[in-house]
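Notes follow the structure.
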Amino acid sequence: MRVLVAEFMHETNTFSVQATDESAFRNSCYYLDNDIPGAFADTRTSMGAAFEAAEKFGWSVIHPIVTSANPSGRVTDAFFDAVSERILNVCDGVDGVLLHLHGSMSTQSYDDGEGELLARIRSRIGIETPMVAVLDLHATLTQKMADNASSLISYRTYPHIDQYERTWQAAELLEKAMLKQVTPQVAVARRPILYALDGGRTTSPPMVELLRRADQIEASRQALVVSIQAGFSSADVHDIGPSIAVTGNDRGAAQAIAEELMDYVWEQRTFSSIQFTPLDEAIATAKAGEASATKPLIIADYSDNPGSGAYGDATNLLEAVLAADLKNVGFHAICDPEAVLQAQAAGVGNRVTLQLGGKTDPTMGGGPLEVTGHVVAITDGSFIAYGPMGGGARRNYGLSLLLRVGGVEIIVISHNGQATDLGQFTSLGVDPTRKSTLIVKSMQHFRAAFEPIARQILEVDTGALSTRNFKERPYKSVRRPIWPLDAI
Ligand SMILES: [Zn+2]
């Protein structure tokens, strides 16, 4: 069997002013053709699983591209078309297609980037050739995606630590479909909901119950796959919100299962485990515990999470930490390529004064902050992430700085990204386990690596781009009425 394998991932925050172009993908993850196996073979990543499955099933694999970028604004048409073309150029004569996509990509021309990509591939490979896509749990599913894919399979963990397992599941289904043992089709169900399922936290009751039911339905063979998506709320798109996608040999039966599970999502729509601590209270807790701490307190800024497209350069939290003169703090991170270059020019070991952060949009969580500190280290920002979300694959945050200001060690990066791996501290010489307080900008993913080393976790909302206040966001394209914007 000739199988086309590709990865093209982006979670698009349509409220972001930062367009996502080719350089954003090249800065994050961008591999072509023969460079791909060397980068991903024997890793616990989606591509790692695809190559292992190919070996097991004896597939001949065509792998034109593996690329992803940190969440940000709309993907440029030029880059979307270039990646599409690269994939379409090698579609002829394939027996199957295995894709790793996000599911919430919007381009300049298409709110539903994945739907458009799947439709383009489908028009080239014909209706008989199976095409299975692995998606993020935060995918925004559309009918166009369901109509063009043979199966859609989302992660079942948040933090996302099962890309490898889900890709194996997708590969096994694809093999059966190519052998014509199954004829998978996808049914998708939604409700007028903008945000629910506790943002997809798989540690919370609604997702736990849905995943339990999904496992039961798959085990009893009522469906081939039951996939639950929390959706992505930082996007002004018609199809926003949670969804259930059920893959079966019979679309009608699959639709009935999807609708029943979606009724449960509707019932549970108000559930939330997110408890914000006022910023001054969080800082006071850090201050009170810093002298006797044997493990760090973690303060997580939900609103400036680069993992949902926030700019990662908001300074309100850093300003509060410095004003309180906290001791023994590790701060991740401020994304500010300009400041890193200035510190590099000053040189390691020297003092430097910087206008740090707050440059993308000063109204979102704080503008530039003047700080004077020691340039402790400069690195190229590249290291291998061995944590639960890293899978042993290389990461790259661009030229990176460790700046020491009093008792606070501030990491400044050039390519944006949330804190999900201890290596984001250790690669710059900071031991996170020895800090009294750690600051991260992340909603939930940080927990996989950082919860085991923490004495306590506090979540704060500093008013940056990914604030949870939905009613203040300028939604225009979402379908109405929709909960919680409208009283339904
Ligand atoms: Zn996600």
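Ordering of the structure tokens sets the chain letters (A, B, ...); residue numbers start at 1 within each chain; ligands are numbered from 1 in the order shown.
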Exercise: region 363-375 of chain A partners within 10 Å, only C-alpha atoms, chain neighbours under 5 positions left out, as an mmCIF file with all heavy atoms, in the first residue's frame:
data_model
loop_
_atom_site.group_PDB
_atom_site.id
_atom_site.type_symbol
_atom_site.label_atom_id
_atom_site.label_comp_id
_atom_site.auth_asym_id
_atom_site.auth_seq_id
_atom_site.Cartn_x
_atom_site.Cartn_y
_atom_site.Cartn_z
ATOM 1 N N SER A 303 -4.481 34.041 30.718
ATOM 2 C CA SER A 303 -4.875 34.961 29.650
ATOM 3 C C SER A 303 -3.765 35.234 28.634
ATOM 4 O O SER A 303 -4.043 35.580 27.497
ATOM 5 C CB SER A 303 -5.337 36.287 30.249
ATOM 6 O OG SER A 303 -4.270 36.926 30.916
ATOM 7 N N ASP A 304 -2.505 35.061 29.043
ATOM 8 C CA ASP A 304 -1.414 35.336 28.093
ATOM 9 C C ASP A 304 -0.807 34.029 27.587
ATOM 10 O O ASP A 304 0.383 33.947 27.296
ATOM 11 C CB ASP A 304 -0.336 36.228 28.736
ATOM 12 C CG ASP A 304 0.569 36.879 27.692
ATOM 13 O OD1 ASP A 304 0.097 37.113 26.565
ATOM 14 O OD2 ASP A 304 1.750 37.149 27.998
ATOM 15 N N ALA A 310 -2.358 33.855 22.380
ATOM 16 C CA ALA A 310 -1.996 35.114 23.039
ATOM 17 C C ALA A 310 -0.536 35.430 22.714
ATOM 18 O O ALA A 310 0.229 34.555 22.314
ATOM 19 C CB ALA A 310 -2.224 35.025 24.544
ATOM 20 N N TYR A 311 -0.161 36.713 22.928
ATOM 21 C CA TYR A 311 1.133 37.166 22.421
ATOM 22 C C TYR A 311 2.321 36.735 23.271
ATOM 23 O O TYR A 311 3.469 36.765 22.823
ATOM 24 C CB TYR A 311 1.113 38.683 22.264
ATOM 25 C CG TYR A 311 -0.025 39.173 21.391
ATOM 26 C CD1 TYR A 311 -0.891 40.173 21.812
ATOM 27 C CD2 TYR A 311 -0.244 38.594 20.134
ATOM 28 C CE1 TYR A 311 -1.947 40.606 21.006
ATOM 29 C CE2 TYR A 311 -1.295 39.015 19.328
ATOM 30 C CZ TYR A 311 -2.145 40.014 19.769
ATOM 31 O OH TYR A 311 -3.184 40.429 18.975
ATOM 32 N N GLY A 312 2.053 36.330 24.527
ATOM 33 C CA GLY A 312 3.157 35.864 25.378
ATOM 34 C C GLY A 312 4.123 36.970 25.769
ATOM 35 O O GLY A 312 5.210 36.681 26.276
ATOM 36 N N ASP A 313 3.723 38.219 25.540
ATOM 37 C CA ASP A 313 4.622 39.330 25.909
ATOM 38 C C ASP A 313 3.971 40.284 26.896
ATOM 39 O O ASP A 313 4.481 41.381 27.145
ATOM 40 C CB ASP A 313 5.113 40.080 24.660
ATOM 41 C CG ASP A 313 4.037 40.915 23.982
ATOM 42 O OD1 ASP A 313 2.846 40.747 24.318
ATOM 43 O OD2 ASP A 313 4.384 41.743 23.116
ATOM 44 N N ALA A 314 2.827 39.872 27.465
ATOM 45 C CA ALA A 314 2.131 40.733 28.427
ATOM 46 C C ALA A 314 2.988 40.879 29.682
ATOM 47 O O ALA A 314 3.666 39.939 30.102
ATOM 48 C CB ALA A 314 0.768 40.139 28.776
ATOM 49 N N THR A 315 2.946 42.077 30.286
ATOM 50 C CA THR A 315 3.884 42.374 31.371
ATOM 51 C C THR A 315 3.227 42.615 32.731
ATOM 52 O O THR A 315 3.937 42.827 33.712
ATOM 53 C CB THR A 315 4.716 43.615 31.005
ATOM 54 O OG1 THR A 315 3.812 44.672 30.659
ATOM 55 C CG2 THR A 315 5.659 43.335 29.860
ATOM 56 N N ASN A 316 1.898 42.621 32.813
ATOM 57 C CA ASN A 316 1.242 42.902 34.104
ATOM 58 C C ASN A 316 1.746 41.976 35.210
ATOM 59 O O ASN A 316 2.000 42.405 36.326
ATOM 60 C CB ASN A 316 -0.284 42.747 33.991
ATOM 61 C CG ASN A 316 -0.923 43.949 33.307
ATOM 62 O OD1 ASN A 316 -0.283 44.985 33.143
ATOM 63 N ND2 ASN A 316 -2.175 43.800 32.916
ATOM 64 N N LEU A 317 1.886 40.688 34.895
ATOM 65 C CA LEU A 317 2.299 39.715 35.902
ATOM 66 C C LEU A 317 3.771 39.929 36.295
ATOM 67 O O LEU A 317 4.117 39.906 37.482
ATOM 68 C CB LEU A 317 2.067 38.295 35.357
ATOM 69 C CG LEU A 317 2.395 37.127 36.256
ATOM 70 C CD1 LEU A 317 1.794 37.271 37.643
ATOM 71 C CD2 LEU A 317 1.880 35.838 35.611
ATOM 72 N N LEU A 318 4.634 40.174 35.291
ATOM 73 C CA LEU A 318 6.056 40.414 35.589
ATOM 74 C C LEU A 318 6.224 41.672 36.442
ATOM 75 O O LEU A 318 7.008 41.682 37.406
ATOM 76 C CB LEU A 318 6.851 40.551 34.279
ATOM 77 C CG LEU A 318 8.353 40.837 34.451
ATOM 78 C CD1 LEU A 318 9.048 39.708 35.206
ATOM 79 C CD2 LEU A 318 9.026 41.048 33.091
ATOM 80 N N GLU A 319 5.466 42.693 36.113
ATOM 81 C CA GLU A 319 5.534 43.938 36.870
ATOM 82 C C GLU A 319 5.176 43.689 38.345
ATOM 83 O O GLU A 319 5.859 44.171 39.253
ATOM 84 C CB GLU A 319 4.586 44.974 36.262
ATOM 85 C CG GLU A 319 4.725 46.345 36.890
ATOM 86 C CD GLU A 319 3.886 47.408 36.178
ATOM 87 O OE1 GLU A 319 2.901 47.052 35.488
ATOM 88 O OE2 GLU A 319 4.224 48.590 36.312
ATOM 89 N N LEU A 322 8.044 41.732 40.121
ATOM 90 C CA LEU A 322 9.213 42.581 40.401
ATOM 91 C C LEU A 322 8.892 43.602 41.502
ATOM 92 O O LEU A 322 9.722 43.850 42.383
ATOM 93 C CB LEU A 322 9.671 43.292 39.123
ATOM 94 C CG LEU A 322 10.241 42.386 38.019
ATOM 95 C CD1 LEU A 322 10.531 43.190 36.764
ATOM 96 C CD2 LEU A 322 11.492 41.643 38.484
ATOM 97 N N VAL A 340 15.907 40.309 23.147
ATOM 98 C CA VAL A 340 16.952 39.278 23.179
ATOM 99 C C VAL A 340 18.179 39.742 22.395
ATOM 100 O O VAL A 340 19.320 39.583 22.839
ATOM 101 C CB VAL A 340 16.432 37.922 22.625
ATOM 102 C CG1 VAL A 340 17.543 36.880 22.656
ATOM 103 C CG2 VAL A 340 15.230 37.423 23.419
ATOM 104 N N ALA A 343 20.101 42.255 24.422
ATOM 105 C CA ALA A 343 20.865 41.605 25.496
ATOM 106 C C ALA A 343 22.087 40.886 24.920
ATOM 107 O O ALA A 343 23.165 40.876 25.520
ATOM 108 C CB ALA A 343 19.968 40.612 26.233
ATOM 109 N N GLN A 344 21.909 40.315 23.735
ATOM 110 C CA GLN A 344 23.051 39.646 23.089
ATOM 111 C C GLN A 344 24.143 40.667 22.760
ATOM 112 O O GLN A 344 25.338 40.405 22.945
ATOM 113 C CB GLN A 344 22.594 38.930 21.818
ATOM 114 C CG GLN A 344 23.683 38.058 21.214
ATOM 115 C CD GLN A 344 23.247 37.463 19.887
ATOM 116 O OE1 GLN A 344 22.609 38.117 19.074
ATOM 117 N NE2 GLN A 344 23.600 36.199 19.666
ATOM 118 N N ALA A 346 24.692 43.419 24.384
ATOM 119 C CA ALA A 346 25.313 43.815 25.660
ATOM 120 C C ALA A 346 26.305 42.757 26.112
ATOM 121 O O ALA A 346 27.351 43.076 26.690
ATOM 122 C CB ALA A 346 24.233 44.022 26.730
ATOM 123 N N GLY A 347 25.986 41.494 25.865
ATOM 124 C CA GLY A 347 26.912 40.402 26.154
ATOM 125 C C GLY A 347 26.614 39.691 27.472
ATOM 126 O O GLY A 347 26.188 40.314 28.453
ATOM 127 N N VAL A 348 26.885 38.406 27.491
ATOM 128 C CA VAL A 348 26.690 37.590 28.689
ATOM 129 C C VAL A 348 27.592 38.121 29.802
ATOM 130 O O VAL A 348 28.766 38.425 29.570
ATOM 131 C CB VAL A 348 26.987 36.107 28.398
ATOM 132 C CG1 VAL A 348 27.031 35.282 29.689
ATOM 133 C CG2 VAL A 348 25.937 35.527 27.449
ATOM 134 N N GLY A 349 27.021 38.248 31.028
ATOM 135 C CA GLY A 349 27.787 38.737 32.174
ATOM 136 C C GLY A 349 27.657 40.230 32.398
ATOM 137 O O GLY A 349 28.089 40.741 33.426
ATOM 138 N N ASN A 350 27.054 40.926 31.434
ATOM 139 C CA ASN A 350 26.921 42.377 31.559
ATOM 140 C C ASN A 350 25.513 42.781 31.968
ATOM 141 O O ASN A 350 24.571 42.012 31.842
ATOM 142 C CB ASN A 350 27.281 43.045 30.228
ATOM 143 C CG ASN A 350 28.746 42.851 29.897
ATOM 144 O OD1 ASN A 350 29.586 42.815 30.796
ATOM 145 N ND2 ASN A 350 29.041 42.692 28.620
ATOM 146 N N ARG A 351 25.408 44.021 32.433
ATOM 147 C CA ARG A 351 24.094 44.558 32.768
ATOM 148 C C ARG A 351 23.487 45.200 31.537
ATOM 149 O O ARG A 351 24.173 45.762 30.694
ATOM 150 C CB ARG A 351 24.223 45.613 33.889
ATOM 151 C CG ARG A 351 24.291 45.023 35.272
ATOM 152 C CD ARG A 351 24.588 46.085 36.311
ATOM 153 N NE ARG A 351 23.414 46.869 36.713
ATOM 154 C CZ ARG A 351 22.457 46.396 37.524
ATOM 155 N NH1 ARG A 351 22.524 45.159 37.991
ATOM 156 N NH2 ARG A 351 21.436 47.151 37.858
ATOM 157 N N VAL A 352 22.152 45.143 31.496
ATOM 158 C CA VAL A 352 21.457 45.737 30.355
ATOM 159 C C VAL A 352 20.126 46.311 30.839
ATOM 160 O O VAL A 352 19.515 45.790 31.770
ATOM 161 C CB VAL A 352 21.242 44.682 29.229
ATOM 162 C CG1 VAL A 352 20.268 43.593 29.663
ATOM 163 C CG2 VAL A 352 20.776 45.319 27.927
ATOM 164 N N THR A 353 19.728 47.416 30.208
ATOM 165 C CA THR A 353 18.396 47.978 30.482
ATOM 166 C C THR A 353 17.549 47.784 29.231
ATOM 167 O O THR A 353 17.964 48.142 28.124
ATOM 168 C CB THR A 353 18.497 49.473 30.848
ATOM 169 O OG1 THR A 353 19.245 49.587 32.067
ATOM 170 C CG2 THR A 353 17.113 50.084 31.057
ATOM 171 N N LEU A 354 16.383 47.183 29.423
ATOM 172 C CA LEU A 354 15.533 46.830 28.294
ATOM 173 C C LEU A 354 14.124 47.378 28.481
ATOM 174 O O LEU A 354 13.630 47.455 29.606
ATOM 175 C CB LEU A 354 15.426 45.295 28.185
ATOM 176 C CG LEU A 354 16.714 44.509 27.988
ATOM 177 C CD1 LEU A 354 16.449 43.014 28.196
ATOM 178 C CD2 LEU A 354 17.268 44.753 26.581
ATOM 179 N N GLN A 355 13.504 47.711 27.379
ATOM 180 C CA GLN A 355 12.049 47.935 27.377
ATOM 181 C C GLN A 355 11.464 46.567 27.013
ATOM 182 O O GLN A 355 11.391 46.202 25.848
ATOM 183 C CB GLN A 355 11.663 48.996 26.334
ATOM 184 C CG GLN A 355 12.292 50.361 26.560
ATOM 185 C CD GLN A 355 11.863 50.983 27.883
ATOM 186 O OE1 GLN A 355 10.707 50.873 28.294
ATOM 187 N NE2 GLN A 355 12.804 51.627 28.575
ATOM 188 N N LEU A 356 11.076 45.833 28.044
ATOM 189 C CA LEU A 356 10.769 44.421 27.838
ATOM 190 C C LEU A 356 9.273 44.180 27.609
ATOM 191 O O LEU A 356 8.431 44.625 28.386
ATOM 192 C CB LEU A 356 11.248 43.637 29.068
ATOM 193 C CG LEU A 356 11.211 42.117 29.007
ATOM 194 C CD1 LEU A 356 12.080 41.584 27.877
ATOM 195 C CD2 LEU A 356 11.669 41.523 30.337
ATOM 196 N N GLY A 357 8.967 43.431 26.541
ATOM 197 C CA GLY A 357 7.606 42.932 26.301
ATOM 198 C C GLY A 357 6.593 44.012 25.977
ATOM 199 O O GLY A 357 6.932 45.180 25.736
ATOM 200 N N GLY A 358 5.319 43.588 25.932
ATOM 201 C CA GLY A 358 4.198 44.508 25.759
ATOM 202 C C GLY A 358 4.163 45.245 24.441
ATOM 203 O O GLY A 358 3.496 46.264 24.294
ATOM 204 N N LEU A 401 17.078 34.265 26.018
ATOM 205 C CA LEU A 401 17.842 35.004 27.027
ATOM 206 C C LEU A 401 17.393 34.607 28.418
ATOM 207 O O LEU A 401 16.197 34.459 28.653
ATOM 208 C CB LEU A 401 17.576 36.508 26.815
ATOM 209 C CG LEU A 401 17.820 37.462 27.992
ATOM 210 C CD1 LEU A 401 19.307 37.604 28.293
ATOM 211 C CD2 LEU A 401 17.204 38.836 27.676
ATOM 212 N N LEU A 402 18.363 34.463 29.326
ATOM 213 C CA LEU A 402 18.046 34.420 30.757
ATOM 214 C C LEU A 402 18.530 35.720 31.364
ATOM 215 O O LEU A 402 19.735 36.015 31.358
ATOM 216 C CB LEU A 402 18.702 33.221 31.451
ATOM 217 C CG LEU A 402 18.326 33.114 32.940
ATOM 218 C CD1 LEU A 402 16.840 32.818 33.106
ATOM 219 C CD2 LEU A 402 19.149 32.040 33.642
ATOM 220 N N LEU A 403 17.569 36.506 31.858
ATOM 221 C CA LEU A 403 17.861 37.812 32.443
ATOM 222 C C LEU A 403 17.561 37.742 33.941
ATOM 223 O O LEU A 403 16.468 37.361 34.333
ATOM 224 C CB LEU A 403 16.961 38.865 31.785
ATOM 225 C CG LEU A 403 17.178 40.310 32.223
ATOM 226 C CD1 LEU A 403 18.480 40.856 31.638
ATOM 227 C CD2 LEU A 403 15.999 41.187 31.775
ATOM 228 N N ARG A 404 18.552 38.103 34.775
ATOM 229 C CA ARG A 404 18.326 38.077 36.227
ATOM 230 C C ARG A 404 18.096 39.487 36.742
ATOM 231 O O ARG A 404 18.943 40.364 36.576
ATOM 232 C CB ARG A 404 19.516 37.438 36.952
ATOM 233 C CG ARG A 404 19.242 37.228 38.454
ATOM 234 C CD ARG A 404 20.432 36.618 39.178
ATOM 235 N NE ARG A 404 20.745 35.275 38.707
ATOM 236 C CZ ARG A 404 21.977 34.867 38.381
ATOM 237 N NH1 ARG A 404 23.001 35.692 38.450
ATOM 238 N NH2 ARG A 404 22.172 33.641 37.979
ATOM 239 N N VAL A 405 16.936 39.685 37.332
ATOM 240 C CA VAL A 405 16.583 40.985 37.921
ATOM 241 C C VAL A 405 16.266 40.725 39.388
ATOM 242 O O VAL A 405 15.226 40.144 39.704
ATOM 243 C CB VAL A 405 15.365 41.617 37.210
ATOM 244 C CG1 VAL A 405 15.037 42.974 37.817
ATOM 245 C CG2 VAL A 405 15.621 41.763 35.713
ATOM 246 N N GLY A 406 17.173 41.103 40.275
ATOM 247 C CA GLY A 406 16.981 40.795 41.693
ATOM 248 C C GLY A 406 16.881 39.285 41.860
ATOM 249 O O GLY A 406 17.732 38.523 41.385
ATOM 250 N N VAL A 408 14.633 37.393 40.533
ATOM 251 C CA VAL A 408 13.755 36.844 39.488
ATOM 252 C C VAL A 408 14.570 36.506 38.246
ATOM 253 O O VAL A 408 15.284 37.371 37.717
ATOM 254 C CB VAL A 408 12.644 37.861 39.121
ATOM 255 C CG1 VAL A 408 11.674 37.244 38.123
ATOM 256 C CG2 VAL A 408 11.908 38.317 40.378
ATOM 257 N N GLU A 409 14.513 35.266 37.818
ATOM 258 C CA GLU A 409 15.184 34.853 36.581
ATOM 259 C C GLU A 409 14.133 34.783 35.478
ATOM 260 O O GLU A 409 13.240 33.934 35.501
ATOM 261 C CB GLU A 409 15.901 33.522 36.790
ATOM 262 C CG GLU A 409 17.048 33.702 37.793
ATOM 263 C CD GLU A 409 17.999 32.505 37.852
ATOM 264 O OE1 GLU A 409 17.525 31.355 37.862
ATOM 265 O OE2 GLU A 409 19.221 32.742 37.892
ATOM 266 N N ILE A 410 14.277 35.708 34.529
ATOM 267 C CA ILE A 410 13.273 35.887 33.483
ATOM 268 C C ILE A 410 13.785 35.261 32.187
ATOM 269 O O ILE A 410 14.884 35.589 31.721
ATOM 270 C CB ILE A 410 12.993 37.384 33.227
ATOM 271 C CG1 ILE A 410 12.624 38.099 34.541
ATOM 272 C CG2 ILE A 410 11.906 37.565 32.183
ATOM 273 C CD1 ILE A 410 12.756 39.623 34.456
ATOM 274 N N ASP A 461 -5.804 35.650 35.757
ATOM 275 C CA ASP A 461 -6.188 36.232 34.466
ATOM 276 C C ASP A 461 -5.719 37.680 34.507
ATOM 277 O O ASP A 461 -6.265 38.492 35.248
ATOM 278 C CB ASP A 461 -7.714 36.143 34.297
ATOM 279 C CG ASP A 461 -8.200 36.716 32.961
ATOM 280 O OD1 ASP A 461 -7.467 37.515 32.354
ATOM 281 O OD2 ASP A 461 -9.307 36.373 32.535
ATOM 282 N N THR A 462 -4.677 37.993 33.740
ATOM 283 C CA THR A 462 -4.093 39.346 33.800
ATOM 284 C C THR A 462 -4.612 40.256 32.686
ATOM 285 O O THR A 462 -4.043 41.311 32.434
ATOM 286 C CB THR A 462 -2.553 39.285 33.731
ATOM 287 O OG1 THR A 462 -2.169 38.840 32.424
ATOM 288 C CG2 THR A 462 -1.985 38.337 34.778
ATOM 289 N N GLY A 463 -5.670 39.819 32.008
ATOM 290 C CA GLY A 463 -6.296 40.678 31.005
ATOM 291 C C GLY A 463 -5.637 40.648 29.640
ATOM 292 O O GLY A 463 -5.882 41.514 28.799
ATOM 293 N N ALA A 464 -4.821 39.637 29.379
ATOM 294 C CA ALA A 464 -4.196 39.520 28.059
ATOM 295 C C ALA A 464 -5.199 38.945 27.049
ATOM 296 O O ALA A 464 -6.374 38.747 27.368
ATOM 297 C CB ALA A 464 -2.934 38.678 28.147
ATOM 298 N N LEU A 465 -4.727 38.648 25.846
ATOM 299 C CA LEU A 465 -5.622 38.355 24.718
ATOM 300 C C LEU A 465 -6.568 37.184 24.970
ATOM 301 O O LEU A 465 -7.701 37.167 24.494
ATOM 302 C CB LEU A 465 -4.783 38.092 23.449
ATOM 303 C CG LEU A 465 -5.565 37.954 22.141
ATOM 304 C CD1 LEU A 465 -6.219 39.269 21.745
ATOM 305 C CD2 LEU A 465 -4.647 37.470 21.020
ATOM 306 N N SER A 466 -6.120 36.163 25.716
ATOM 307 C CA SER A 466 -6.961 34.979 25.903
ATOM 308 C C SER A 466 -7.751 35.032 27.199
ATOM 309 O O SER A 466 -7.998 34.018 27.836
ATOM 310 C CB SER A 466 -6.104 33.711 25.855
ATOM 311 O OG SER A 466 -5.588 33.537 24.560
ATOM 312 N N THR A 467 -8.142 36.227 27.586
ATOM 313 C CA THR A 467 -8.992 36.361 28.760
ATOM 314 C C THR A 467 -10.262 35.530 28.559
ATOM 315 O O THR A 467 -10.690 35.296 27.431
ATOM 316 C CB THR A 467 -9.340 37.842 29.001
ATOM 317 O OG1 THR A 467 -10.210 37.921 30.122
ATOM 318 C CG2 THR A 467 -10.016 38.458 27.791
#
Could the residues of chain A that have an atom at most 8 Å from ligand 1 be listed as CSV, each with its closest atom pair and the distance in Å to one decimal, counting only C-alpha atoms and all ligand atoms and ordered by chain and ascending residue number?
residue,atom,partner,partner_atom_place_in_ligand_line,distance
A:His102,CA,ligand 1,1 (Zn),7.8
A:Asp136,CA,ligand 1,1 (Zn),5.1
A:Leu137,CA,ligand 1,1 (Zn),5.2
A:His138,CA,ligand 1,1 (Zn),4.4
A:Ala139,CA,ligand 1,1 (Zn),7.3
A:Tyr158,CA,ligand 1,1 (Zn),7.0
A:Pro159,CA,ligand 1,1 (Zn),7.7
A:His160,CA,ligand 1,1 (Zn),6.7
Produce a file of the selected residues containing C-alpha atoms, as a PDB file, in the first residue's frame.
ATOM      1  CA  HIS A 102      -5.164  20.616  14.387  1.00  0.00           C
ATOM      2  CA  ASP A 136      -6.347  18.143  18.425  1.00  0.00           C
ATOM      3  CA  LEU A 137      -8.931  17.882  21.204  1.00  0.00           C
ATOM      4  CA  HIS A 138      -9.553  21.607  20.586  1.00  0.00           C
ATOM      5  CA  ALA A 139     -10.561  21.112  16.967  1.00  0.00           C
ATOM      6  CA  TYR A 158      -5.597  17.555  27.948  1.00  0.00           C
ATOM      7  CA  PRO A 159      -2.709  18.175  28.569  1.00  0.00           C
ATOM      8  CA  HIS A 160      -2.238  16.444  25.194  1.00  0.00           C
TER       9      HIS A 160
END
So which residues touch Leu179 (chain A) within 12 Å, counting only C-alpha atoms, skipping near sequence neighbours fewer than 4 positions away, as a compact mmCIF listing (two decimals) with C-alpha atoms, in the first residue's frame?
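Wrote it out as around.txt, contents follow:
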# COMPACT_ATOMS: atom_id res chain seq x y z
CA MET A 1 0.00 0.00 0.00
CA PHE A 57 1.79 -2.91 7.85
CA ASP A 95 -4.08 3.88 -1.46
CA GLY A 96 -4.66 5.90 1.70
CA GLU A 128 -13.00 5.49 -2.66
CA THR A 129 -9.59 6.21 -1.12
CA PRO A 130 -9.69 6.27 2.69
CA GLU A 172 -4.94 0.72 12.28
CA LEU A 173 -8.30 2.02 11.04
CA LEU A 174 -6.72 3.21 7.79
CA GLU A 175 -5.18 -0.22 7.20
CA THR A 183 -16.09 1.51 5.15
CA PRO A 184 -15.68 4.38 7.61
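For the atom pair formed by CA of Pro296 (chain A) and CA of Ser28 (chain A), the distance is 29.1 Å, given to one decimal.
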Worksheet entry | helix (DSSP H, G or I) call set, DSSP backbone run, region 85-148 of chain A, as number ranges by chain | A: 85-88, 113-125, 143-148
Q) Which residues come within 7 Å of region 245-251 of chain A, counting only C-alpha atoms, excluding same-chain residues fewer than 4 positions away, as a PyMOL selection string? A) chain A and resi 151-152+182-189+223-228+255+258
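If only C-alpha atoms are the atoms counted, then among A:Met178, A:Ala230, A:Val430, A:Ala300 the closest residue to Pro278 (chain A) is A:Ala300.
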Separating CA of Met145 (chain A) from CA of Glu22 (chain A), to the nearest tenth of an Å, is a gap of 23.8 Å
Please produce, as JSON lines, a per-residue contact table for region 273-380 of chain A versus region 420-428 of chain A (criterion: any atom at most 12 Å away, only C-alpha atoms considered), showing the nearest atom pair and its distance in Å to one decimal, sorted by chain then residue number.
{"residue": "A:Ala300", "atom": "CA", "partner": "A:Thr420", "partner_atom": "CA", "distance": 11.6}
{"residue": "A:Asn305", "atom": "CA", "partner": "A:Thr420", "partner_atom": "CA", "distance": 11.1}
{"residue": "A:Pro306", "atom": "CA", "partner": "A:Thr420", "partner_atom": "CA", "distance": 11.0}
{"residue": "A:Gly307", "atom": "CA", "partner": "A:Thr420", "partner_atom": "CA", "distance": 9.7}
{"residue": "A:Val329", "atom": "CA", "partner": "A:Phe425", "partner_atom": "CA", "distance": 11.5}
{"residue": "A:Gly330", "atom": "CA", "partner": "A:Phe425", "partner_atom": "CA", "distance": 7.9}
{"residue": "A:Phe331", "atom": "CA", "partner": "A:Phe425", "partner_atom": "CA", "distance": 8.8}
{"residue": "A:His332", "atom": "CA", "partner": "A:Phe425", "partner_atom": "CA", "distance": 7.7}
{"residue": "A:Ala333", "atom": "CA", "partner": "A:Gln424", "partner_atom": "CA", "distance": 9.4}
{"residue": "A:Val375", "atom": "CA", "partner": "A:Leu428", "partner_atom": "CA", "distance": 11.5}
{"residue": "A:Val376", "atom": "CA", "partner": "A:Leu428", "partner_atom": "CA", "distance": 8.8}
{"residue": "A:Ala377", "atom": "CA", "partner": "A:Leu428", "partner_atom": "CA", "distance": 6.6}
{"residue": "A:Ile378", "atom": "CA", "partner": "A:Leu428", "partner_atom": "CA", "distance": 7.5}
{"residue": "A:Thr379", "atom": "CA", "partner": "A:Leu428", "partner_atom": "CA", "distance": 6.9}
{"residue": "A:Asp380", "atom": "CA", "partner": "A:Leu428", "partner_atom": "CA", "distance": 9.7}
Kindly provide the residues of region 328-399 of chain A that approach region 450-454 of chain A to within 12 Å, each paired with its closest atom pair and their distance in Å to one decimal, based on only C-alpha atoms, listed by chain and increasing number, as a tab-separated table.
residue	atom	partner	partner_atom	distance
A:Gly387	CA	A:Phe450	CA	9.7
A:Pro388	CA	A:Phe450	CA	10.3
A:Met389	CA	A:Phe450	CA	11.3
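Coordinates place CA of Phe383 (chain A) at a distance of 21.7 Å from CA of Phe8 (chain A).
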Might you pull out every residue within 9 Å of Gln143 (chain A), with only C-alpha atoms counted and same-chain residues fewer than 3 positions away left off, and present them as a ChimeraX atom specification? /A:115,146-148,187-188,239
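DSSP annotation of region 36-83 of chain A from backbone atoms: strand (DSSP E or B) residues are Ser60, Val61, Ile62, Ile65, Val66, Thr67, Ser68, Ser72 and Val75 of chain A.
Restricting the calculation to only C-alpha atoms, the smallest distance between Ala69 (chain A) and any of A:Trp266, A:Ala133, A:Ile161, A:Tyr397 is found for A:Tyr397.
For Gly241 (chain A), the residues within 7 Å (counting only C-alpha atoms, excluding itself and residues fewer than 3 positions away along the chain) are Thr140, Ile193, Leu194, Tyr195, Ala230, Gly231, Phe232 and Ser233 of chain A.
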